[in-house]
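Worksheet: the structure to be examined is printed underneath.
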Amino acid sequence: MKYPTRICFCWSILTVALIPVSLGEMYTSLLNVKQAITVERKLIDYLKTYIDHELERLEDVKRFYAKVSDLHTELYKGPATAMANPLVAFTLIKRLHSEWLNVVYSNEAQENTQALRSSYGEEEADLPKLEDLQGAAKGLMRLQDVYVLQVASLVRGHFQRVTEGQPIDIYRPKVSVPLSGDDCFMVGKVAYEQQDYYHSVQWLEESVRLFRGTGGEWLPENAGTLEDALDHLAFSHFKTGNISYALSLSQELLHHDPMNGRVLQNVEKYEKLLVRSPTLSTTDHGLKRPTSDSLRTRDTYETLCQTQGSQQQMHFKNPRLFCDFFTNGNPGLLLLPVRREVLSLQPYVVLYHNFITDTEAEDIKTTAQPGLRRSVVAAGEKQATAEYRISKSAWLKSSAHSTVGKLDQKISLLTGLNVKHPYGEYLQVVNYGIGGHYEPHFDHATSPSSPVFKLKTGNRLATFMIYLSSVEAGGSTAFIYANFSVPVVEKAAIFWWNLHRNGQGNEDTLHAGCPVLIGDKWVANKWIHEHGQEFHHRCSLNPEE
């Protein structure tokens, strides 16, 4: 008997409001991350203005310094002679009374700083929040886990996994950056605060290594220091049972901060533990990834995401799978048939190549942008955001843009189904975020209280998903029980039946959106319901159909 990993659905008010795109929950949509570049460009301009004003101020200070130094070098060599001149005496007294005061207590530096802070404040509403930083860090850890990426390689800007003891590139991005000790500290700290010591150890190890490499030098933009990283790493190792290494790191920390009472207590505690149980110093402390109660199909899911194909070598060698030019017997497609690729028979999954044009895809993305909001899943009869779905979505009526209506018509021609609302839901447009994914789920409802039934047109009979963009790596659609995955094919569309002809859900349609490794993934979903299909898709009592 197969059991679903997770049952979740998405639903919302099916409208688009023409308001500015909110940068809240920035990490859940790569569109918002791209828009943040514009914000930082403004900050760069503000900082340049601040630097220019500060340089002008410092030039004035340097000029004053040169003037006074020259007086002491030249004029005051013989103090008695110089002071005999009342003009010299007056300028000395005046300078000491007011000029030094004006230089030392000048408000110009404060005014320059205040102007910079004021400009920063104007952009603050569009800056990432703490949740965004945490979400981005979790996205990196998700990519690390699903694609078995080596943290040391990620830190160098490479995407590698270790195979037979050797680091192997799984993808070489066109653009990348190395991470700093402070970058790694922030990722490790996010894991640490969630008591996820499996990840905190790996990222904090890199943080300590990088901080050591700079001699522990502190930079004003850093949130952490070598001491902070050592502190967090020592406790992370303690929590994973590596007492001897926790002691070693704590002793190193004391060299930097010898009067830290808390660390002194930890050292004493670790020493006592090692005396009491000497085997703790020799025990194998290999890190073990935490198990997942909510994702019982994790191994299959992740393997399918990594392979972007089938774990069953014979799956795609099935002679009943084929490619053809498809018209569905419809005159509207006779002159321009669609290239169809049958990917699976159970469940029935097909890929329609070049379903959408570049222009149509851009129309859909542009129209959807103002309405993008954090994607939700069903939580009983309500909806809520969830860590297992990281994206933003918007719903487009056919009246939102002429292209939406054209796509509805084309979907109807290919599937032979009635896709008009309410028999088909409005078009849902989705943009994935950093490490954006959607863990294994069913599209059809498995509970009578599901929001899917709010349209009162039955369950979700079929799914028609359009790839509006390409990605460089990751982002496949994985069918867990059917044991195959489909990479993102730009401008193509994938179609499958969610229900058997007797109305029962097809468990083999359990599927997932793999995390996007590199790229900006956009898709559009059209869910077609049971009602309205009575003369288009006949029912059957046969549970196999």
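By convention here, the chains of the structure tokens are called A, B, ... in the order presented, each chain's residues are numbered starting at 1, and ligands are numbered starting at 1 in the order presented.
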
Near stretch 503-507 of chain A, 12 Å: stretch 305-414 of chain A residue rows, closest pairs, only C-alpha atoms, as a Markdown table:
| residue | atom | partner | partner_atom | distance |
| --- | --- | --- | --- | --- |
| A:Gln346 | CA | A:Asn506 | CA | 9.2 |
| A:Pro347 | CA | A:Asn506 | CA | 7.5 |
| A:Tyr348 | CA | A:Asn506 | CA | 10.2 |

Problem - Residue neighbourhood A:Thr28, 9 Å, only C-alpha atoms, exclusion window fewer than 3 positions, as a PyMOL selection string - result: chain A and resi 24-25+31-33+132+135-136+374-375+389-392+431-436

Exercise for the section: Compile the contact shell of stretch 334-336 of chain A as a PyMOL selection string: residues with an atom at most 12 Å away, counting only C-alpha atoms, same-chain residues fewer than 5 positions apart removed. Expected result: chain A and resi 325-329+354-355+410+413-414

Selection file, all heavy atoms, as an mmCIF file, in the first residue's frame:
data_model
loop_
_atom_site.group_PDB
_atom_site.id
_atom_site.type_symbol
_atom_site.label_atom_id
_atom_site.label_comp_id
_atom_site.auth_asym_id
_atom_site.auth_seq_id
_atom_site.Cartn_x
_atom_site.Cartn_y
_atom_site.Cartn_z
ATOM 1 N N PHE A 325 3.318 14.173 -34.092
ATOM 2 C CA PHE A 325 2.679 15.475 -34.295
ATOM 3 C C PHE A 325 1.194 15.281 -34.018
ATOM 4 O O PHE A 325 0.519 14.509 -34.695
ATOM 5 C CB PHE A 325 2.920 15.987 -35.711
ATOM 6 C CG PHE A 325 4.323 16.480 -35.928
ATOM 7 C CD1 PHE A 325 5.278 15.666 -36.508
ATOM 8 C CD2 PHE A 325 4.682 17.750 -35.520
ATOM 9 C CE1 PHE A 325 6.579 16.120 -36.690
ATOM 10 C CE2 PHE A 325 5.975 18.219 -35.694
ATOM 11 C CZ PHE A 325 6.928 17.396 -36.281
ATOM 12 N N PHE A 326 0.692 15.964 -33.031
ATOM 13 C CA PHE A 326 -0.618 15.671 -32.463
ATOM 14 C C PHE A 326 -1.636 16.747 -32.837
ATOM 15 O O PHE A 326 -1.357 17.948 -32.746
ATOM 16 C CB PHE A 326 -0.469 15.598 -30.935
ATOM 17 C CG PHE A 326 -1.717 15.226 -30.198
ATOM 18 C CD1 PHE A 326 -2.302 13.974 -30.352
ATOM 19 C CD2 PHE A 326 -2.304 16.129 -29.312
ATOM 20 C CE1 PHE A 326 -3.441 13.637 -29.650
ATOM 21 C CE2 PHE A 326 -3.446 15.794 -28.605
ATOM 22 C CZ PHE A 326 -4.015 14.540 -28.780
ATOM 23 N N THR A 327 -2.814 16.296 -33.263
ATOM 24 C CA THR A 327 -3.908 17.231 -33.580
ATOM 25 C C THR A 327 -5.136 16.990 -32.721
ATOM 26 O O THR A 327 -6.045 17.819 -32.700
ATOM 27 C CB THR A 327 -4.321 17.098 -35.048
ATOM 28 O OG1 THR A 327 -4.893 15.790 -35.255
ATOM 29 C CG2 THR A 327 -3.125 17.302 -35.980
ATOM 30 N N ASN A 328 -5.181 15.853 -32.028
ATOM 31 C CA ASN A 328 -6.340 15.470 -31.216
ATOM 32 C C ASN A 328 -7.616 15.399 -32.055
ATOM 33 O O ASN A 328 -8.725 15.569 -31.540
ATOM 34 C CB ASN A 328 -6.541 16.459 -30.057
ATOM 35 C CG ASN A 328 -7.420 15.894 -28.948
ATOM 36 O OD1 ASN A 328 -7.493 14.664 -28.760
ATOM 37 N ND2 ASN A 328 -8.086 16.757 -28.206
ATOM 38 N N GLY A 329 -7.423 15.194 -33.372
ATOM 39 C CA GLY A 329 -8.572 15.116 -34.259
ATOM 40 C C GLY A 329 -9.315 16.424 -34.416
ATOM 41 O O GLY A 329 -10.467 16.451 -34.846
ATOM 42 N N ASN A 354 7.060 23.318 -27.590
ATOM 43 C CA ASN A 354 6.761 24.615 -28.220
ATOM 44 C C ASN A 354 5.275 24.969 -28.128
ATOM 45 O O ASN A 354 4.682 25.462 -29.087
ATOM 46 C CB ASN A 354 7.199 24.598 -29.692
ATOM 47 C CG ASN A 354 8.710 24.468 -29.822
ATOM 48 O OD1 ASN A 354 9.462 25.119 -29.111
ATOM 49 N ND2 ASN A 354 9.152 23.595 -30.714
ATOM 50 N N PHE A 355 4.724 24.720 -26.944
ATOM 51 C CA PHE A 355 3.307 25.009 -26.746
ATOM 52 C C PHE A 355 3.052 26.515 -26.744
ATOM 53 O O PHE A 355 2.001 26.983 -27.171
ATOM 54 C CB PHE A 355 2.832 24.403 -25.425
ATOM 55 C CG PHE A 355 1.438 24.813 -25.032
ATOM 56 C CD1 PHE A 355 0.333 24.204 -25.607
ATOM 57 C CD2 PHE A 355 1.235 25.841 -24.119
ATOM 58 C CE1 PHE A 355 -0.957 24.599 -25.259
ATOM 59 C CE2 PHE A 355 -0.045 26.240 -23.767
ATOM 60 C CZ PHE A 355 -1.137 25.625 -24.344
ATOM 61 N N LYS A 410 -6.167 26.996 -26.592
ATOM 62 C CA LYS A 410 -5.226 25.989 -27.082
ATOM 63 C C LYS A 410 -5.208 24.757 -26.178
ATOM 64 O O LYS A 410 -5.104 23.621 -26.641
ATOM 65 C CB LYS A 410 -3.823 26.596 -27.180
ATOM 66 C CG LYS A 410 -2.858 25.795 -28.030
ATOM 67 C CD LYS A 410 -1.579 26.581 -28.284
ATOM 68 C CE LYS A 410 -0.649 25.808 -29.218
ATOM 69 N NZ LYS A 410 0.601 26.567 -29.490
ATOM 70 N N LEU A 413 -8.163 22.711 -27.063
ATOM 71 C CA LEU A 413 -7.979 21.975 -28.313
ATOM 72 C C LEU A 413 -7.140 20.716 -28.098
ATOM 73 O O LEU A 413 -7.447 19.644 -28.630
ATOM 74 C CB LEU A 413 -7.297 22.868 -29.355
ATOM 75 C CG LEU A 413 -8.117 24.032 -29.928
ATOM 76 C CD1 LEU A 413 -7.254 24.881 -30.856
ATOM 77 C CD2 LEU A 413 -9.346 23.506 -30.673
ATOM 78 N N LEU A 414 -6.064 20.841 -27.292
ATOM 79 C CA LEU A 414 -5.163 19.709 -27.099
ATOM 80 C C LEU A 414 -5.754 18.624 -26.200
ATOM 81 O O LEU A 414 -5.553 17.430 -26.445
ATOM 82 C CB LEU A 414 -3.844 20.195 -26.487
ATOM 83 C CG LEU A 414 -2.827 20.800 -27.441
ATOM 84 C CD1 LEU A 414 -1.644 21.355 -26.658
ATOM 85 C CD2 LEU A 414 -2.332 19.745 -28.427
#

Handout entry: Near-stretch 180-186 of chain A list (7 Å; only C-alpha atoms; drop same-chain fewer than 5 positions) as an MDAnalysis selection string
Key = chainID A and resid 203:204 206:208 210:211 222:224 229

Output for the residues just chosen: C-alpha atoms as a CSV table (one decimal), in the first residue's frame:
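Saved file again_25.csv follows:
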chain,number,residue,atom,x,y,z
A,203,TRP,CA,29.0,26.0,7.5
A,204,LEU,CA,30.6,27.2,10.7
A,206,GLU,CA,34.1,27.0,6.7
A,207,SER,CA,33.5,30.3,8.5
A,208,VAL,CA,36.2,29.6,11.0
A,210,LEU,CA,38.0,31.7,6.3
A,211,PHE,CA,38.2,34.0,9.4
A,222,ASN,CA,30.5,41.9,9.0
A,223,ALA,CA,27.8,40.7,11.4
A,224,GLY,CA,30.2,38.0,12.9
A,229,ALA,CA,32.1,31.6,14.7

Practice task
Within 10 Å of A:Arg172, counting only C-alpha atoms, which residues show up once you throw out same-chain ones fewer than 6 positions away? Write them as number ranges by chain, please.
Solution key: A: 157-160, 472-473, 518

Exercise for the section: Would you mind listing what lies within 8 Å of A:Val471 as a PyMOL selection string, with only C-alpha atoms counted and same-chain residues fewer than 4 positions away left out? Expected result: chain A and resi 475+488+516+518-521

Write the residues you've just listed into a file as a PDB file, in the first residue's frame, and include C-alpha atoms for each of them.
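Result written to result-v8.pdb:
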ATOM      1  CA  GLY A 475      13.869  22.586 -11.172  1.00  0.00           C
ATOM      2  CA  VAL A 488      12.334  22.059 -17.446  1.00  0.00           C
ATOM      3  CA  VAL A 516      15.968  25.383  -8.681  1.00  0.00           C
ATOM      4  CA  ILE A 518      20.565  27.943 -11.097  1.00  0.00           C
ATOM      5  CA  GLY A 519      17.987  29.964 -12.989  1.00  0.00           C
ATOM      6  CA  ASP A 520      14.678  31.814 -12.790  1.00  0.00           C
ATOM      7  CA  LYS A 521      11.834  29.302 -13.025  1.00  0.00           C
TER       8      LYS A 521
END

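For the set A:Thr214, A:Asn112, A:Gln383, A:Thr367, the residue with the smallest atom-to-atom gap to A:Ser398 is A:Thr367, counting only C-alpha atoms.
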
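Separating atom CA of A:Thr73 from atom CA of A:Thr91 is a distance of 15.9 Å.
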
A:Asp299 environment, 10 Å, only C-alpha atoms, sequence neighbours closer than 4 positions dropped, as a compact mmCIF listing (two decimals) with C-alpha atoms, in the first residue's frame:
# COMPACT_ATOMS: atom_id res chain seq x y z
CA VAL A 146 18.97 17.68 -2.42
CA LEU A 295 8.90 13.58 3.79
CA THR A 303 17.54 10.97 -6.45
CA LEU A 304 15.04 11.94 -9.16
CA CYS A 305 16.00 15.60 -8.74
CA ILE A 480 7.77 9.98 -7.09

Problem - Picked from stretch 30-178 of chain A by DSSP as helix (DSSP H, G or I), as a VMD selection string - result: chain A and resid 30 to 77 79 to 83 86 to 104 108 to 126 130 to 146 151 to 155

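Of the listed residues A:Ser447, A:Asn459, A:Gln114, A:Thr225, the one whose atoms come nearest to A:Trp527 is A:Asn459, with distances taken using only C-alpha atoms.
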
Exercise for the section: Choose the residue, out of A:Leu143, A:Leu417, A:Leu254, A:Val177, that has the smallest atom-to-atom separation from A:His536; count only C-alpha atoms. Expected result: A:Leu417

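In this model, the gap between atom CA of A:His72 and atom CA of A:Leu55 comes to 25.4 Å.
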
Completion exercise
Computed gap from atom CA of A:Ile466 to atom CA of A:Ile170 is 26.1 Å

Practice task
Rank nothing, just name the residue among A:Glu131, A:Val523, A:Gln409, A:Ser399 nearest to A:Leu333, using only C-alpha atoms.
Solution key: A:Gln409

Handout entry: Nearest candidate to A:Phe484 (options A:Trp497, A:Tyr301, A:Tyr388, A:Tyr147; using only C-alpha atoms)
Key = A:Tyr301
